[in-house]
Amino acid sequence: MAEAPFFTEHPAPGAPAALAPAWTRLFRSADDLPPDLAEAGEYLVARVRLAVCVLLWLVPLVSLVTEVSSRERLIALGAIAGATAYAFGNVVALRRGLYRPWWGIASSALDVSVPTAVLVALWLGGEPYGAVNSLVAYPGYFLAISASGLRYDPRASALAGALAAVQYLAVLLLVQGSGALAAADPADLAHYGDFHWGTQVGRLVVLVGAGVITTALVLRTQELRLLSAMDRLTGLYNRGHFDERFAGEMARALRNGAPLSVAMLDLDHFKRFNDTFGHAAGDAVLQALAAVLRRTLRRSDIIARYGGEEFVVALPDTSPEAATEAMQKVRRAVAELAVPTRRGTIAGALTISIGIASFPADGDAAAQVLEEADTRLFAAKAGGRNLVAARGALAGA
């Protein structure tokens, strides 16, 4: 009879949620999203937005030699000038490290509102048919929805699609309800075309569809990236992903002057355990340690399997003293584990050794801090194992 698995494959709190249902990932908090990807995505959107704004200056320039009313040209100039100023300010703010988790949601809402503002301006400027049939402002919604997909946040894409449809419907109702279409200049009708609800409903459906497709693409991208970043045995991050995330955390710590600690963990005598009880039991041990790390540490901590029986944890905004206390909890929890094997359940058979290093005390580069943590891990093993080695101290059983 096959042994019952020690560790379930369902994602536990703090684990990469690559296989979680799409709707749960859609309603996660901003803190659950990879901060480095979210910030990088927002910066990419800001640069794309600025490039699009620069290209949009061709619209009023071309209108100088075409049959476009001076009123429409003035509205276009004002809208593009405002959008360009906003885009430039956004790039500057992000370069100065002012990004916050809510930025992507607010920015998506503002991007969608820009074409709405242009349509309202056309209506108030005496061109109601332009407000409901503009072939320049209306496609702006699709630019905003498409850009939201670069933010790595499905909530931003879902919001952009829904908000675009709601705002455009509000413009349609306002313009038609005001009676401005009946009193419009016939030249306005000839230039933009007549108003038909069937056409407008089709546009609303297309806006909603664009939001759905963009959201689905972001969710799929998240899933694929998390799967590529995950260690399949333990459900933790793998070494490549950890190195990328830790470099980002180090850059953030340098920028903000915040503490950052890292801990290297290694199972004591793991080869002996593997040789005695078999590789299946060894895999169960690795899964058990991963479960302890997820259960004991914070959701903001970055936990990874670094290779073999070695694990690594990055603890943002954590002093050396606080990191030592957290790792002592992990060490004690591992020592109390009961591990099932073919020979029966064994309690107290596992111990770990841990080395801790911190920024800025142990260096100001990611590689330097990791190397110091690894050196202290060897010191903990040399000191008798089942120990936590921090700066100038060994502590344990």
# chains A, B, ... in the order shown; residues from 1 in each chain; ligands from 1
>>> residues_around(residues="Met264 (chain A)", least_positions_apart="2", cutoff="6 Å", atoms="only C-alpha atoms", output="list in words")
Phe311, Val312, Ile354, Gly355 and Ala373 of chain A
>>> write_last_selection(atoms="N, CA and C atoms", output="mmCIF file, in the first residue's frame")
data_model
loop_
_atom_site.group_PDB
_atom_site.id
_atom_site.type_symbol
_atom_site.label_atom_id
_atom_site.label_comp_id
_atom_site.auth_asym_id
_atom_site.auth_seq_id
_atom_site.Cartn_x
_atom_site.Cartn_y
_atom_site.Cartn_z
ATOM 1 N N PHE A 311 17.850 26.024 2.136
ATOM 2 C CA PHE A 311 16.781 26.980 1.918
ATOM 3 C C PHE A 311 17.292 28.380 2.252
ATOM 4 N N VAL A 312 16.598 29.381 1.734
ATOM 5 C CA VAL A 312 16.995 30.759 1.982
ATOM 6 C C VAL A 312 15.741 31.601 2.183
ATOM 7 N N ILE A 354 21.344 27.512 10.837
ATOM 8 C CA ILE A 354 20.922 28.745 10.167
ATOM 9 C C ILE A 354 22.016 29.804 10.290
ATOM 10 N N GLY A 355 22.279 30.477 9.178
ATOM 11 C CA GLY A 355 23.177 31.620 9.196
ATOM 12 C C GLY A 355 22.433 32.866 8.763
ATOM 13 N N ALA A 373 25.855 35.377 4.968
ATOM 14 C CA ALA A 373 24.901 34.448 5.576
ATOM 15 C C ALA A 373 25.361 33.008 5.388
#
>>> select_by_dssp(residues="region 135-307 of chain A", states="alpha helix (DSSP H)", output="VMD selection string")
chain A and resid 140 to 148 154 to 177 186 to 192 197 to 229 239 to 256 270 to 277 279 to 296
>>> atom_distance(atom1="CA of Leu189 (chain A)", atom2="CA of Trp123 (chain A)")
12.8 Å
>>> residues_around(residues="Gly363 (chain A)", least_positions_apart="4", cutoff="12 Å", atoms="only C-alpha atoms", output="PyMOL selection string")
chain A and resi 250+253-254+259-262+357-359+367-373
>>> residues_around(residues="region 318-333 of chain A", least_positions_apart="6", cutoff="9 Å", atoms="only C-alpha atoms", output="list in words")
Ala258, Pro259, Leu260, Ser261, Val262, Ala263, Val292, Leu293, Thr296, Leu297, Thr351, Ile352, Ser353, Ile354, Ile356, Ala357, Ser358, Phe359, Ala361, Asn386, Leu387, Val388, Ala389, Ala390, Arg391, Ala395, Gly396 and Ala397 of chain A
>>> select_by_dssp(residues="region 66-313 of chain A", states="strand (DSSP E)", output="list in words")
Leu260, Ser261, Val262, Ala263, Met264, Leu265, Asp266, Leu267, Ile302, Ile303, Ala304, Arg305, Tyr306, Gly307, Glu310, Phe311, Val312 and Val313 of chain A
>>> write_last_selection(atoms="C-alpha atoms", output="compact mmCIF listing (two decimals), in the first residue's frame")
# COMPACT_ATOMS: atom_id res chain seq x y z
CA LEU A 260 17.04 43.87 5.20
CA SER A 261 18.04 40.47 6.54
CA VAL A 262 18.63 37.12 4.87
CA ALA A 263 18.87 33.65 6.42
CA MET A 264 20.47 30.54 4.92
CA LEU A 265 19.09 27.26 6.32
CA ASP A 266 20.41 23.73 5.95
CA LEU A 267 19.01 20.42 7.26
CA ILE A 302 10.57 35.65 0.45
CA ILE A 303 11.17 31.92 0.98
CA ALA A 304 12.99 29.71 -1.51
CA ARG A 305 14.62 26.33 -1.86
CA TYR A 306 18.17 27.28 -2.75
CA GLY A 307 19.34 23.80 -3.72
CA GLU A 310 19.40 24.24 1.60
CA PHE A 311 16.78 26.98 1.92
CA VAL A 312 17.00 30.76 1.98
CA VAL A 313 14.72 33.46 3.39
>>> closest_residue(among="A:Ile105, A:Leu119, A:Val54, A:Val48", to="Ile75 (chain A)", atoms="only C-alpha atoms")
A:Leu119
>>> residues_around(residues="Tyr86 (chain A)", least_positions_apart="6", cutoff="12 Å", atoms="only C-alpha atoms", output="ChimeraX atom specification")
/A:46-47,49-50,53,79-80,92-93,107,110-111,114
>>> write_last_selection(atoms="C-alpha atoms", output="mmCIF file, in the first residue's frame")
data_model
loop_
_atom_site.group_PDB
_atom_site.id
_atom_site.type_symbol
_atom_site.label_atom_id
_atom_site.label_comp_id
_atom_site.auth_asym_id
_atom_site.auth_seq_id
_atom_site.Cartn_x
_atom_site.Cartn_y
_atom_site.Cartn_z
ATOM 1 C CA ALA A 46 4.606 55.145 -17.738
ATOM 2 C CA ARG A 47 7.237 55.099 -20.485
ATOM 3 C CA ARG A 49 2.248 56.319 -22.053
ATOM 4 C CA LEU A 50 4.806 59.071 -22.581
ATOM 5 C CA CYS A 53 1.555 61.066 -25.944
ATOM 6 C CA ALA A 79 -6.111 67.028 -24.061
ATOM 7 C CA ILE A 80 -2.761 65.966 -25.500
ATOM 8 C CA VAL A 92 9.688 61.253 -12.945
ATOM 9 C CA ALA A 93 7.786 60.132 -9.837
ATOM 10 C CA SER A 107 -3.262 54.924 -12.740
ATOM 11 C CA LEU A 110 -6.981 57.762 -14.639
ATOM 12 C CA ASP A 111 -5.831 56.411 -18.024
ATOM 13 C CA VAL A 114 -8.629 60.610 -20.280
#
>>> closest_residue(among="A:Leu74, A:Leu55, A:Ala131, A:Val218", to="Gly41 (chain A)", atoms="only C-alpha atoms")
A:Val218
>>> atom_distance(atom1="CA of Glu336 (chain A)", atom2="CA of Leu233 (chain A)")
21.9 Å
>>> closest_residue(among="A:Ala180, A:Ala288, A:Asp317, A:Leu204", to="Val166 (chain A)", atoms="only C-alpha atoms")
A:Leu204
